[in-house]
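The next block holds one structure in the form of structure tokens; read it before the comments.
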Amino acid sequence: IQVGHQEICKDLINLGIFPRKTYNLNPIRVSDQYFPDFVRGFFDGDGSVYIYTVNNTPQIKSSFVSTSLPFINEFNEQLCRTLGIASKTIHRNVPQEAMEKMVQYSICFYINDCEKFAEFMYGNNPTLYLLRKRQIFEEWKSIKRRHYIKQNYPSKIGWHLNQRVLA
């Protein structure tokens, strides 16, 4: 959004809106009542979801990205606490090309946590959401996953599915 009218700009600043929030976003406090709607809006704007396969087994991954570490850190804590799951690792994505100027931070959810996340966002049948993203979660519900027990095999990035790596 771009606002050029000075009086409207002053009113917005008085309400706590400030320019260039991409670079200066601090944690946002959202009441529990409106948190699912806030999460859904953030996800529709700066989130992703897709289905892929590992060892012929369908998987689902959803994620958020932000340029503000304080914001994504607080958001991660509040969302995971609300979902009743462990906090996610925050990944720092360093720009690879000269045209990319911003460092981005991301958090990811997989399988069961992804299902809890989708239920949290869409469980109350909201009317406002990005249809293409919701349809991926709906597709995931319809996929018949083979019954399997996680094994000690390394993935493409070298971690084990059922082992916690201790620092």
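Naming works like this for the structure tokens: A, B, ... for the chains as they're shown, residue 1 at the start of each chain, ligands 1 onward in shown order.
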
Applying 9 Å and only C-alpha atoms, which residues near A:Ala86 remain after dropping the ones on its own chain fewer than 4 positions away? List them as a PyMOL selection string. chain A and resi 77+80-81

Contacts between stretch 23-35 of chain A and stretch 60-149 of chain A, please, where a residue of stretch 60-149 of chain A counts if it comes within 6 Å (with only C-alpha atoms); show its shortest atom pair and distance in Å to one decimal, rows by chain and ascending number, as CSV.
```
residue,atom,partner,partner_atom,distance
A:Ser68,CA,A:Leu25,CA,5.8
A:Pro70,CA,A:Asn26,CA,5.7
A:Phe71,CA,A:Pro27,CA,4.2
A:Glu74,CA,A:Pro27,CA,5.8
```

Counting only C-alpha atoms, figure out which residue out of A:Ile8, A:Ile13, A:Thr127, A:Glu115 gets nearest to A:Gln59. A:Glu115

I need the helix (DSSP H, G or I) residues of stretch 82-113 of chain A per DSSP on the backbone, written as a ChimeraX atom specification. /A:82-83,111-113

Kindly save the residues from that selection, with all heavy atoms included, as a PDB file, in the first residue's frame.
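Output contents, as saved in result.pdb:
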```
ATOM      1  N   THR A  82       0.642 -22.115  20.793  1.00  0.00           N
ATOM      2  CA  THR A  82      -0.795 -22.236  20.542  1.00  0.00           C
ATOM      3  C   THR A  82      -1.137 -23.601  19.958  1.00  0.00           C
ATOM      4  O   THR A  82      -2.145 -24.198  20.322  1.00  0.00           O
ATOM      5  CB  THR A  82      -1.267 -21.122  19.579  1.00  0.00           C
ATOM      6  OG1 THR A  82      -0.969 -19.855  20.167  1.00  0.00           O
ATOM      7  CG2 THR A  82      -2.754 -21.214  19.312  1.00  0.00           C
ATOM      8  N   LEU A  83      -0.292 -24.112  19.054  1.00  0.00           N
ATOM      9  CA  LEU A  83      -0.529 -25.415  18.437  1.00  0.00           C
ATOM     10  C   LEU A  83      -0.159 -26.581  19.344  1.00  0.00           C
ATOM     11  O   LEU A  83      -0.502 -27.722  19.054  1.00  0.00           O
ATOM     12  CB  LEU A  83       0.258 -25.531  17.126  1.00  0.00           C
ATOM     13  CG  LEU A  83      -0.123 -24.570  16.001  1.00  0.00           C
ATOM     14  CD1 LEU A  83       0.804 -24.771  14.800  1.00  0.00           C
ATOM     15  CD2 LEU A  83      -1.570 -24.740  15.590  1.00  0.00           C
ATOM     16  N   ILE A 111       4.383 -32.542   8.041  1.00  0.00           N
ATOM     17  CA  ILE A 111       3.417 -33.604   8.307  1.00  0.00           C
ATOM     18  C   ILE A 111       2.434 -33.276   9.436  1.00  0.00           C
ATOM     19  O   ILE A 111       1.517 -32.495   9.239  1.00  0.00           O
ATOM     20  CB  ILE A 111       4.119 -34.948   8.593  1.00  0.00           C
ATOM     21  CG1 ILE A 111       5.259 -35.192   7.620  1.00  0.00           C
ATOM     22  CG2 ILE A 111       3.106 -36.082   8.589  1.00  0.00           C
ATOM     23  CD1 ILE A 111       4.874 -35.677   6.267  1.00  0.00           C
ATOM     24  N   ASN A 112       2.601 -33.887  10.621  1.00  0.00           N
ATOM     25  CA  ASN A 112       1.627 -33.725  11.707  1.00  0.00           C
ATOM     26  C   ASN A 112       1.499 -32.282  12.163  1.00  0.00           C
ATOM     27  O   ASN A 112       0.392 -31.810  12.422  1.00  0.00           O
ATOM     28  CB  ASN A 112       2.003 -34.626  12.901  1.00  0.00           C
ATOM     29  CG  ASN A 112       1.945 -36.086  12.552  1.00  0.00           C
ATOM     30  OD1 ASN A 112       1.267 -36.492  11.613  1.00  0.00           O
ATOM     31  ND2 ASN A 112       2.678 -36.894  13.306  1.00  0.00           N
ATOM     32  N   ASP A 113       2.630 -31.590  12.279  1.00  0.00           N
ATOM     33  CA  ASP A 113       2.576 -30.182  12.684  1.00  0.00           C
ATOM     34  C   ASP A 113       1.870 -29.357  11.609  1.00  0.00           C
ATOM     35  O   ASP A 113       1.141 -28.413  11.913  1.00  0.00           O
ATOM     36  CB  ASP A 113       3.980 -29.635  12.930  1.00  0.00           C
ATOM     37  CG  ASP A 113       4.635 -30.241  14.159  1.00  0.00           C
ATOM     38  OD1 ASP A 113       3.927 -30.902  14.954  1.00  0.00           O
ATOM     39  OD2 ASP A 113       5.855 -30.065  14.325  1.00  0.00           O
TER      40      ASP A 113
END
```

Neighbours of A:Val103 within 6 Å (only C-alpha atoms; same-chain residues fewer than 3 positions away dropped), as a JSON list (two decimals) with N, CA, C and O atoms, in the first residue's frame?
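The file below, part_1.json, is the result:
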```
[["chain", "number", "residue", "atom", "x", "y", "z"],
["A", 93, "ASN", "N", 18.27, -17.26, 5.59],
["A", 93, "ASN", "CA", 18.52, -17.41, 4.16],
["A", 93, "ASN", "C", 19.29, -16.21, 3.67],
["A", 93, "ASN", "O", 18.75, -15.12, 3.57],
["A", 94, "VAL", "N", 20.56, -16.41, 3.39],
["A", 94, "VAL", "CA", 21.43, -15.32, 2.96],
["A", 94, "VAL", "C", 21.25, -15.10, 1.46],
["A", 94, "VAL", "O", 21.20, -16.06, 0.70],
["A", 95, "PRO", "N", 21.16, -13.84, 1.02],
["A", 95, "PRO", "CA", 21.01, -13.57, -0.42],
["A", 95, "PRO", "C", 22.15, -14.19, -1.22],
["A", 95, "PRO", "O", 23.32, -14.09, -0.84]]
```

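By only C-alpha atoms, and with residues fewer than 2 positions from stretch 42-45 of chain A along its chain excluded, the set lying at most 8 Å from it is Phe38, Val39, Arg40, Gly47, Ser48, Ser63, Phe64, Tyr129, Leu130 and Lys133 of chain A.
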
File of the preceding selection, C-alpha atoms, as an mmCIF file, in the first residue's frame:
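Written out: part21.cif:
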```cif
data_model
loop_
_atom_site.group_PDB
_atom_site.id
_atom_site.type_symbol
_atom_site.label_atom_id
_atom_site.label_comp_id
_atom_site.auth_asym_id
_atom_site.auth_seq_id
_atom_site.Cartn_x
_atom_site.Cartn_y
_atom_site.Cartn_z
ATOM 1 C CA PHE A 38 -3.618 -13.048 11.733
ATOM 2 C CA VAL A 39 -1.740 -16.303 11.046
ATOM 3 C CA ARG A 40 -3.889 -17.026 7.995
ATOM 4 C CA GLY A 47 3.837 -18.402 3.526
ATOM 5 C CA SER A 48 4.053 -21.427 1.299
ATOM 6 C CA SER A 63 6.609 -22.375 5.881
ATOM 7 C CA PHE A 64 6.719 -18.674 6.656
ATOM 8 C CA TYR A 129 -8.234 -17.077 2.693
ATOM 9 C CA LEU A 130 -6.141 -17.738 -0.376
ATOM 10 C CA LYS A 133 -3.095 -22.603 -0.539
#
```

To one decimal place in Å, what is the distance between atom CA of A:Tyr52 and atom CA of A:Glu97?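 Rounded to one decimal, the two atoms are 26.6 Å apart.
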
Can you list, as a ChimeraX atom specification, every residue of stretch 37-132 of chain A that DSSP puts in strand (DSSP E)? /A:47-54,57-66,91-93,104-110

Surrounding residues of A:Ser66 excluding itself and chain neighbours under 6 positions, 9 Å, only C-alpha atoms, as a PyMOL selection string: chain A and resi 22+46+72+103-106

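Interatomic distance, atom CA of A:Tyr122 to atom CA of A:Ile17: 27.9 Å.
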
Find the residue from A:Leu15, A:Ile85, A:Val65, A:Val49 that sits nearest to A:Gln135; use only C-alpha atoms when measuring.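 Among the listed residues, A:Val49 lies closest to A:Gln135.
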
If we count only C-alpha atoms, what is near A:Pro36 at a cut-off of 9 Å, once residues fewer than 5 positions away on the same chain are taken out, given as a ChimeraX atom specification? /A:41,120-122

Work out how far apart atom CA of A:Asn125 and atom CA of A:Ser87 are and give it in Å to one decimal.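 Computing the Euclidean distance for atom CA of A:Asn125 and atom CA of A:Ser87 yields 25.9 Å.
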
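Checking A:Lys144, A:Leu79, A:Asp37, A:Lys61 one by one against A:Phe109, counting only C-alpha atoms, you find the shortest gap at A:Lys61.
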